[in-house]
>>> print(open('coords-v6.txt').read())   # compact mmCIF, C-alpha atoms
# COMPACT_ATOMS: atom_id res chain seq x y z
CA MET A 1 0.00 0.00 0.00
CA GLU A 2 1.83 3.09 -1.23
CA SER A 3 -0.49 5.58 0.44
CA ALA A 4 0.00 4.16 3.95
CA ALA A 5 0.97 6.56 6.71
CA LEU A 6 4.57 6.80 7.83
CA THR A 7 5.27 6.34 11.50
CA GLU A 8 6.30 9.42 13.41
CA ALA A 9 9.72 7.86 13.97
CA VAL A 10 10.22 7.28 10.23
CA PHE A 11 9.01 10.77 9.32
CA TYR A 12 11.45 12.45 11.70
CA ILE A 13 14.31 10.16 10.63
CA LEU A 14 13.71 11.11 6.99
CA LEU A 15 13.51 14.82 7.81
CA SER A 16 16.69 14.60 9.87
CA LEU A 17 18.59 12.96 7.02
CA ASP A 18 18.21 15.97 4.74
CA GLN A 19 21.79 16.43 5.95
CA PRO A 20 24.19 13.51 6.55
CA LEU A 21 23.89 12.33 10.16
CA HIS A 22 24.86 9.35 12.30
CA GLY A 23 22.46 7.53 14.61
CA TYR A 24 22.92 9.68 17.68
CA GLY A 25 22.67 12.82 15.52
CA ILE A 26 19.28 11.64 14.24
CA MET A 27 18.05 11.10 17.81
CA GLN A 28 19.14 14.59 18.83
CA ASN A 29 17.71 16.20 15.71
CA ALA A 30 14.30 14.52 16.04
CA GLU A 31 14.10 15.63 19.65
CA ARG A 32 15.07 19.19 18.74
CA LEU A 33 12.63 19.41 15.78
CA SER A 34 9.75 18.17 17.91
CA GLY A 35 10.53 20.44 20.82
CA GLY A 36 11.55 17.49 23.01
CA ARG A 37 8.43 15.44 22.32
CA VAL A 38 9.85 12.73 20.05
CA ARG A 39 12.60 10.73 21.69
CA LEU A 40 13.71 7.96 19.36
CA ALA A 41 15.12 5.00 21.27
CA ALA A 42 18.23 3.42 19.80
CA GLY A 43 16.73 -0.03 19.14
CA THR A 44 13.72 1.44 17.36
CA LEU A 45 15.96 3.77 15.34
CA TYR A 46 18.28 0.94 14.33
CA GLY A 47 15.40 -1.20 13.04
CA ALA A 48 13.90 1.75 11.14
CA LEU A 49 17.25 2.69 9.54
CA ASN A 50 17.74 -0.86 8.25
CA THR A 51 14.23 -0.94 6.82
CA LEU A 52 14.71 2.46 5.14
CA LEU A 53 18.05 1.35 3.67
CA LYS A 54 16.37 -1.72 2.19
CA LYS A 55 13.61 0.42 0.72
CA GLY A 56 16.20 2.76 -0.76
CA TRP A 57 14.77 5.83 0.99
CA ILE A 58 18.09 6.51 2.66
CA GLU A 59 21.68 5.52 1.88
CA SER A 60 24.68 5.00 4.11
CA LEU A 61 27.70 7.12 3.34
CA PRO A 62 31.10 5.53 2.67
CA ASP A 63 32.52 4.28 5.96
CA ASP A 64 35.48 6.34 7.08
CA GLY A 65 36.03 4.16 10.12
CA ARG A 66 34.05 6.43 12.42
CA LYS A 67 30.35 6.54 13.17
CA LYS A 68 28.23 5.45 10.22
CA GLU A 69 26.35 8.29 8.55
CA TYR A 70 23.15 8.19 6.51
CA ARG A 71 21.51 10.51 3.99
CA LEU A 72 18.13 10.87 2.30
CA THR A 73 17.79 9.63 -1.31
CA GLN A 74 15.48 10.88 -4.09
CA ALA A 75 13.06 8.05 -3.27
CA GLY A 76 13.16 9.17 0.35
CA ARG A 77 12.32 12.74 -0.67
CA ALA A 78 9.34 11.46 -2.66
CA ALA A 79 8.13 9.57 0.42
CA VAL A 80 8.41 12.73 2.54
CA ARG A 81 6.46 14.75 -0.07
CA ALA A 82 3.73 12.11 -0.25
CA GLU A 83 3.47 12.08 3.54
CA ILE A 84 3.20 15.86 3.70
CA ALA A 85 0.34 15.74 1.13
CA ARG A 86 -1.40 13.12 3.26
CA LEU A 87 -0.93 15.17 6.43
CA ARG A 88 -2.33 18.26 4.65
CA GLU A 89 -5.45 16.33 3.80
CA LEU A 90 -5.84 15.17 7.41
CA LEU A 91 -5.30 18.67 8.70
CA ALA A 92 -7.75 20.27 6.24
CA ASN A 93 -10.48 17.75 7.03
CA GLY A 94 -9.83 17.98 10.75
CA GLU A 95 -9.99 21.74 10.74
CA ALA A 96 -13.08 21.84 8.51
CA VAL A 97 -15.00 19.66 10.96
CA THR A 98 -13.76 21.18 14.22
CA LYS A 99 -14.22 24.78 12.94
CA GLY A 100 -17.91 24.60 13.72
CA TRP A 101 -17.38 23.28 17.25
CA THR A 102 -18.21 25.78 19.91
CA VAL A 103 -17.27 23.62 22.90
CA MET B 1 12.46 -15.43 33.55
CA ALA B 2 12.63 -14.75 29.83
CA TRP B 3 9.05 -13.45 29.70
CA GLU B 4 9.52 -11.06 32.59
CA HIS B 5 12.42 -8.97 31.37
CA GLU B 6 10.61 -5.80 32.43
CA LYS B 7 10.47 -7.06 36.01
CA GLU B 8 14.15 -7.91 35.79
CA GLU B 9 14.88 -4.39 34.51
CA ASN B 10 12.94 -2.92 37.44
CA TRP B 11 14.91 -5.03 39.86
CA LEU B 12 18.27 -4.11 38.30
CA ASN B 13 17.26 -0.44 38.37
CA GLU B 14 16.30 -0.69 42.05
CA MET B 15 19.70 -2.25 42.74
CA ALA B 16 21.41 0.53 40.77
CA ALA B 17 19.39 3.13 42.70
CA GLN B 18 20.96 1.70 45.86
CA GLY B 19 24.42 1.80 44.31
CA TRP B 20 24.68 -1.82 43.18
CA ASN B 21 25.53 -1.83 39.48
CA LEU B 22 25.32 -4.98 37.41
CA VAL B 23 28.62 -5.63 35.66
CA ASP B 24 28.25 -9.24 34.51
CA THR B 25 25.90 -12.21 34.39
CA THR B 26 26.96 -15.83 34.56
CA PRO B 27 24.59 -18.77 34.04
CA PHE B 28 23.87 -18.88 37.78
CA ARG B 29 24.43 -15.45 39.22
CA TYR B 30 24.50 -11.72 38.71
CA VAL B 31 27.72 -9.85 39.45
CA PHE B 32 27.28 -6.41 41.01
CA GLU B 33 29.78 -3.70 41.70
CA GLN B 34 29.27 -1.03 44.31
CA GLY B 35 29.13 2.48 42.90
CA THR B 36 27.31 5.75 43.28
CA PRO B 37 23.59 5.25 44.00
CA GLY B 38 21.37 6.34 41.10
CA GLU B 39 24.16 6.63 38.55
CA TYR B 40 22.88 4.11 36.00
CA GLN B 41 19.68 2.86 34.41
CA TYR B 42 19.52 -0.61 32.90
CA ARG B 43 17.64 -2.11 29.94
CA LEU B 44 17.45 -5.63 28.55
CA GLU B 45 16.89 -6.83 25.02
CA LEU B 46 16.59 -10.23 23.39
CA LEU B 47 18.94 -9.84 20.43
CA ALA B 48 17.61 -10.62 16.96
CA HIS B 49 20.77 -12.56 16.09
CA GLY B 50 23.31 -14.69 17.93
CA ARG B 51 25.63 -12.98 20.37
CA ASP B 52 28.77 -13.49 18.29
CA SER B 53 27.21 -12.77 14.89
CA GLU B 54 28.30 -9.81 12.76
CA GLU B 55 24.74 -8.45 12.97
CA SER B 56 24.83 -8.36 16.75
CA ARG B 57 28.28 -6.79 16.81
CA THR B 58 27.09 -4.05 14.46
CA TYR B 59 24.00 -3.54 16.60
CA VAL B 60 25.92 -3.31 19.87
CA ARG B 61 28.31 -0.80 18.27
CA PHE B 62 25.30 1.29 17.21
CA MET B 63 23.91 1.20 20.76
CA GLU B 64 27.27 2.32 22.11
CA GLU B 65 27.42 5.20 19.63
CA THR B 66 24.15 6.49 21.05
CA GLY B 67 25.56 6.63 24.56
CA ALA B 68 24.53 3.23 25.92
CA GLU B 69 27.06 0.94 27.53
CA TYR B 70 26.97 -2.75 26.68
CA ILE B 71 27.39 -4.96 29.74
CA THR B 72 27.06 -8.55 28.62
CA THR B 73 24.87 -11.10 26.86
CA TYR B 74 23.27 -13.87 28.87
CA PHE B 75 23.71 -17.20 27.07
CA ASN B 76 23.20 -16.42 23.40
CA GLY B 77 20.42 -13.90 23.52
CA TRP B 78 19.67 -11.49 26.35
CA ALA B 79 21.79 -8.36 26.08
CA TYR B 80 22.20 -6.03 29.07
CA PHE B 81 22.74 -2.33 28.45
CA ARG B 82 23.02 0.64 30.77
CA LYS B 83 23.21 4.39 30.46
CA ARG B 84 24.04 7.14 32.90
CA VAL B 85 20.93 8.68 34.45
CA ALA B 86 22.56 12.10 33.91
CA ASP B 87 22.45 11.49 30.12
CA GLY B 88 18.64 11.42 30.10
CA PRO B 89 15.97 8.70 29.95
CA PHE B 90 17.05 5.35 28.53
CA GLU B 91 14.74 3.19 26.46
CA ILE B 92 15.62 0.68 23.74
CA PHE B 93 12.22 0.85 22.02
CA SER B 94 10.18 4.00 21.60
CA ASP B 95 7.20 2.86 19.54
CA LEU B 96 4.61 0.10 19.63
CA ASP B 97 5.88 -1.59 16.44
CA SER B 98 9.37 -2.17 17.75
CA LYS B 99 8.07 -3.24 21.17
CA LEU B 100 5.79 -5.72 19.41
CA GLN B 101 8.65 -7.10 17.35
CA HIS B 102 10.68 -7.58 20.53
CA PHE B 103 7.86 -9.49 22.25
CA GLU B 104 7.40 -11.60 19.12
CA ARG B 105 11.09 -12.51 19.31
CA ILE B 106 10.64 -13.55 22.93
CA ARG B 107 7.62 -15.63 21.96
CA THR B 108 9.57 -17.39 19.20
CA LEU B 109 12.33 -18.24 21.68
CA LEU B 110 9.84 -19.63 24.21
CA LEU B 111 8.02 -21.58 21.51
CA SER B 112 11.20 -23.22 20.27
CA ILE B 113 12.19 -24.19 23.82
CA THR B 114 8.69 -25.63 24.32
CA VAL B 115 8.94 -27.69 21.13
CA VAL B 116 12.27 -29.18 22.25
CA GLU B 117 10.73 -29.84 25.66
CA LEU B 118 7.77 -31.68 24.15
CA LEU B 119 10.09 -33.74 21.93
CA VAL B 120 11.99 -34.81 25.05
CA LEU B 121 8.69 -35.71 26.71
CA VAL B 122 7.54 -37.82 23.75
CA SER B 123 10.89 -39.60 23.42
CA GLN B 124 10.90 -40.36 27.14
CA ILE B 125 7.49 -41.98 26.94
CA ALA B 126 8.44 -43.88 23.77
CA CYS B 127 11.64 -45.21 25.35
CA PHE B 128 9.79 -46.33 28.43
CA VAL B 129 7.03 -48.09 26.47
CA LEU B 130 9.53 -49.79 24.14
CA SER B 131 11.70 -51.04 26.98
CA ARG B 132 8.59 -52.43 28.65
CA GLU B 133 7.56 -54.25 25.49
CA GLU B 134 11.01 -55.77 25.24
CA GLY B 135 10.56 -57.06 28.73
CA ARG B 136 13.23 -54.83 30.23
CA TYR B 137 11.52 -53.25 33.13
CA GLY B 138 12.93 -49.80 33.81
CA SER B 139 12.32 -48.26 37.17
CA MET B 140 8.78 -46.92 37.34
CA GLY B 141 9.85 -44.45 40.03
CA VAL B 142 12.59 -42.89 37.89
CA PHE B 143 10.22 -42.67 34.93
CA VAL B 144 7.46 -40.99 36.93
CA GLY B 145 10.01 -38.63 38.48
CA ALA B 146 11.39 -37.62 35.09
CA MET B 147 7.85 -37.17 33.76
CA LEU B 148 6.94 -34.88 36.64
CA VAL B 149 10.03 -32.73 36.12
CA ILE B 150 9.32 -32.41 32.39
CA LEU B 151 5.66 -31.71 33.09
CA ALA B 152 6.58 -28.98 35.56
CA ILE B 153 8.93 -27.33 33.04
CA THR B 154 6.24 -27.55 30.35
CA ILE B 155 3.66 -25.86 32.58
CA PHE B 156 6.24 -23.22 33.46
CA LEU B 157 6.89 -22.53 29.76
CA GLY B 158 3.16 -22.55 29.07
CA VAL B 159 2.56 -19.84 31.65
CA GLY B 160 5.40 -17.80 30.17
CA LEU B 161 3.99 -18.15 26.67
CA ALA B 162 0.53 -17.13 27.83
CA ARG B 163 1.93 -13.99 29.46
CA VAL B 164 3.97 -13.00 26.40
CA HIS B 165 0.94 -13.66 24.21
CA ALA B 166 -1.20 -11.40 26.40
CA GLN B 167 1.39 -8.61 26.08
CA ILE B 168 1.42 -9.01 22.29
CA ARG B 169 -2.39 -8.83 22.16
CA ARG B 170 -2.41 -5.72 24.35
CA LEU B 171 0.17 -3.98 22.12
CA ARG B 172 -1.69 -4.98 18.93
CA ARG B 173 -4.94 -3.52 20.29
CA GLU B 174 -3.18 -0.28 21.15
CA ARG B 175 -1.56 -0.28 17.71
CA GLU B 176 -4.98 -0.21 16.10
CA ILE B 177 -5.53 3.32 17.36
CA HIS B 178 -2.07 4.83 17.61
CA GLU B 179 1.57 4.05 17.00
>>> encode(input="coords-v6.txt", output="structure tokens")
Amino acid sequence: MESAALTEAVFYILLSLDQPLHGYGIMQNAERLSGGRVRLAAGTLYGALNTLLKKGWIESLPDDGRKKEYRLTQAGRAAVRAEIARLRELLANGEAVTKGWTV
Amino acid sequence: MAWEHEKEENWLNEMAAQGWNLVDTTPFRYVFEQGTPGEYQYRLELLAHGRDSEESRTYVRFMEETGAEYITTYFNGWAYFRKRVADGPFEIFSDLDSKLQHFERIRTLLLSITVVELLVLVSQIACFVLSREEGRYGSMGVFVGAMLVILAITIFLGVGLARVHAQIRRLRREREIHE
């Protein structure tokens, strides 16, 4: 199902990888972007990174012997754009319905 | 017990709060070292691959890069990690999907142990029946004793499986409404 929602963890990982980052950098970036709300745990992040690598949404940068870094691919960008379109639809519908609520 | 790793974590964290930090596990005991009370928080994980596999080495390295300290792996599967309390909250899994996957791994482990257990049970009964038919009368007492031990272990595993299954069902229900 191509239109399925991304998890919050995946969405913030993809956004974070607009610049090359290693695992810990992704955790810090997601926390910063979300104002401290999203705290990715290392095990969850590791599983998600492997899945995203397999899907080709991110790539790992050549290993220079230090911490492994990752970066978003074109396919990853497309996934982010599709998710944003989906979120816009949710937001528009949500706001249209709740607009009329007085309590 | 394998299906109560959260209880074990709580216990290890209570010990650490009192200044007793786990530094090793052996098949029969935990090894603690006295340190500053409340310095560390502990977490356990059943690894997806064998302890000495390349996959597990890569995984442990990743955990260490994020500020966790790897303590040890019990037998071939349960990895113990800790992190300084001062470095912020320490969790290994932060969403329902990854928690579910972890519980499913635990269930697979328990199921495979149960299958081996049942095979032992069946072979015990078969051996006993065959030796009887051949006229070699084994000791009934030893047989009954062995049966009771195996039965007890099977019940024990069954209870564990039921608990893990209940956790998986609870997480799946939650997953239907949020992540």
>>> closest_residue(input="coords-v6.txt", among="B:Thr154, B:Ser112, B:Ser94, B:Ser123", to="chain A", atoms="only C-alpha atoms")
B:Ser94
>>> interface_residues(input="coords-v6.txt", of="chain A", to="chain B", cutoff="6 Å", atoms="only C-alpha atoms", output="compact mmCIF listing (two decimals) with C-alpha atoms, in the coordinates of the input")
# COMPACT_ATOMS: atom_id res chain seq x y z
CA TYR A 24 22.92 9.68 17.68
CA LEU A 40 13.71 7.96 19.36
CA ALA A 41 15.12 5.00 21.27
CA ALA A 42 18.23 3.42 19.80
CA GLY A 43 16.73 -0.03 19.14
CA THR A 44 13.72 1.44 17.36
>>> closest_residue(input="coords-v6.txt", among="A:Tyr12, A:Leu49, A:Thr98, A:Gly56", to="A:Leu33", atoms="all atoms listed in the file")
A:Tyr12
>>> atom_distance(input="coords-v6.txt", atom1="atom CA of A:Pro20", atom2="atom CA of A:Lys68")
9.7 Å
>>> axis_aligned_box(input="coords-v6.txt", around="stretch 96-99 of chain A", padding_each_side="4 Å", output="lines of an AutoDock Vina configuration file")
center_x = -14.0
center_y = 22.2
center_z = 11.4
size_x = 9.9
size_y = 13.1
size_z = 13.7
>>> decode(input="coords-v6.txt", residues="stretch 123-146 of chain B", atoms="N, CA and C atoms", output="compact mmCIF listing (two decimals), in the first residue's frame")
# COMPACT_ATOMS: atom_id res chain seq x y z
N SER B 123 9.86 -38.56 23.54
CA SER B 123 10.89 -39.60 23.42
C SER B 123 11.05 -40.37 24.73
N GLN B 124 10.85 -39.68 25.85
CA GLN B 124 10.90 -40.36 27.14
C GLN B 124 9.82 -41.43 27.24
N ILE B 125 8.62 -41.03 26.87
CA ILE B 125 7.49 -41.98 26.94
C ILE B 125 7.74 -43.15 25.99
N ALA B 126 8.19 -42.83 24.76
CA ALA B 126 8.44 -43.88 23.77
C ALA B 126 9.49 -44.86 24.27
N CYS B 127 10.58 -44.36 24.83
CA CYS B 127 11.64 -45.21 25.35
C CYS B 127 11.11 -46.13 26.43
N PHE B 128 10.31 -45.55 27.31
CA PHE B 128 9.79 -46.33 28.43
C PHE B 128 8.88 -47.45 27.93
N VAL B 129 7.97 -47.11 27.01
CA VAL B 129 7.03 -48.09 26.47
C VAL B 129 7.78 -49.20 25.74
N LEU B 130 8.76 -48.80 24.91
CA LEU B 130 9.53 -49.79 24.14
C LEU B 130 10.28 -50.75 25.06
N SER B 131 10.92 -50.17 26.10
CA SER B 131 11.70 -51.04 26.98
C SER B 131 10.78 -52.00 27.73
N ARG B 132 9.58 -51.56 28.01
CA ARG B 132 8.59 -52.43 28.65
C ARG B 132 8.22 -53.58 27.72
N GLU B 133 7.96 -53.23 26.46
CA GLU B 133 7.56 -54.25 25.49
C GLU B 133 8.66 -55.28 25.30
N GLU B 134 9.89 -54.84 25.39
CA GLU B 134 11.01 -55.77 25.24
C GLU B 134 11.25 -56.57 26.50
N GLY B 135 10.45 -56.30 27.50
CA GLY B 135 10.56 -57.06 28.73
C GLY B 135 11.61 -56.53 29.69
N ARG B 136 12.26 -55.41 29.29
CA ARG B 136 13.23 -54.83 30.23
C ARG B 136 12.49 -53.81 31.07
N TYR B 137 12.31 -54.12 32.30
CA TYR B 137 11.52 -53.25 33.13
C TYR B 137 12.38 -52.16 33.76
N GLY B 138 12.22 -50.94 33.21
CA GLY B 138 12.93 -49.80 33.81
C GLY B 138 12.25 -49.45 35.12
N SER B 139 12.90 -48.65 35.90
CA SER B 139 12.32 -48.26 37.17
C SER B 139 11.14 -47.31 36.95
N MET B 140 9.99 -47.73 37.45
CA MET B 140 8.78 -46.92 37.34
C MET B 140 8.97 -45.59 38.07
N GLY B 141 9.63 -45.65 39.20
CA GLY B 141 9.85 -44.45 40.03
C GLY B 141 10.64 -43.39 39.28
N VAL B 142 11.74 -43.82 38.63
CA VAL B 142 12.59 -42.89 37.89
C VAL B 142 11.78 -42.28 36.74
N PHE B 143 11.01 -43.14 36.07
CA PHE B 143 10.22 -42.67 34.93
C PHE B 143 9.22 -41.61 35.38
N VAL B 144 8.48 -41.93 36.44
CA VAL B 144 7.46 -40.99 36.93
C VAL B 144 8.12 -39.69 37.37
N GLY B 145 9.27 -39.83 38.04
CA GLY B 145 10.01 -38.63 38.48
C GLY B 145 10.39 -37.75 37.31
N ALA B 146 10.96 -38.38 36.27
CA ALA B 146 11.39 -37.62 35.09
C ALA B 146 10.18 -36.96 34.42
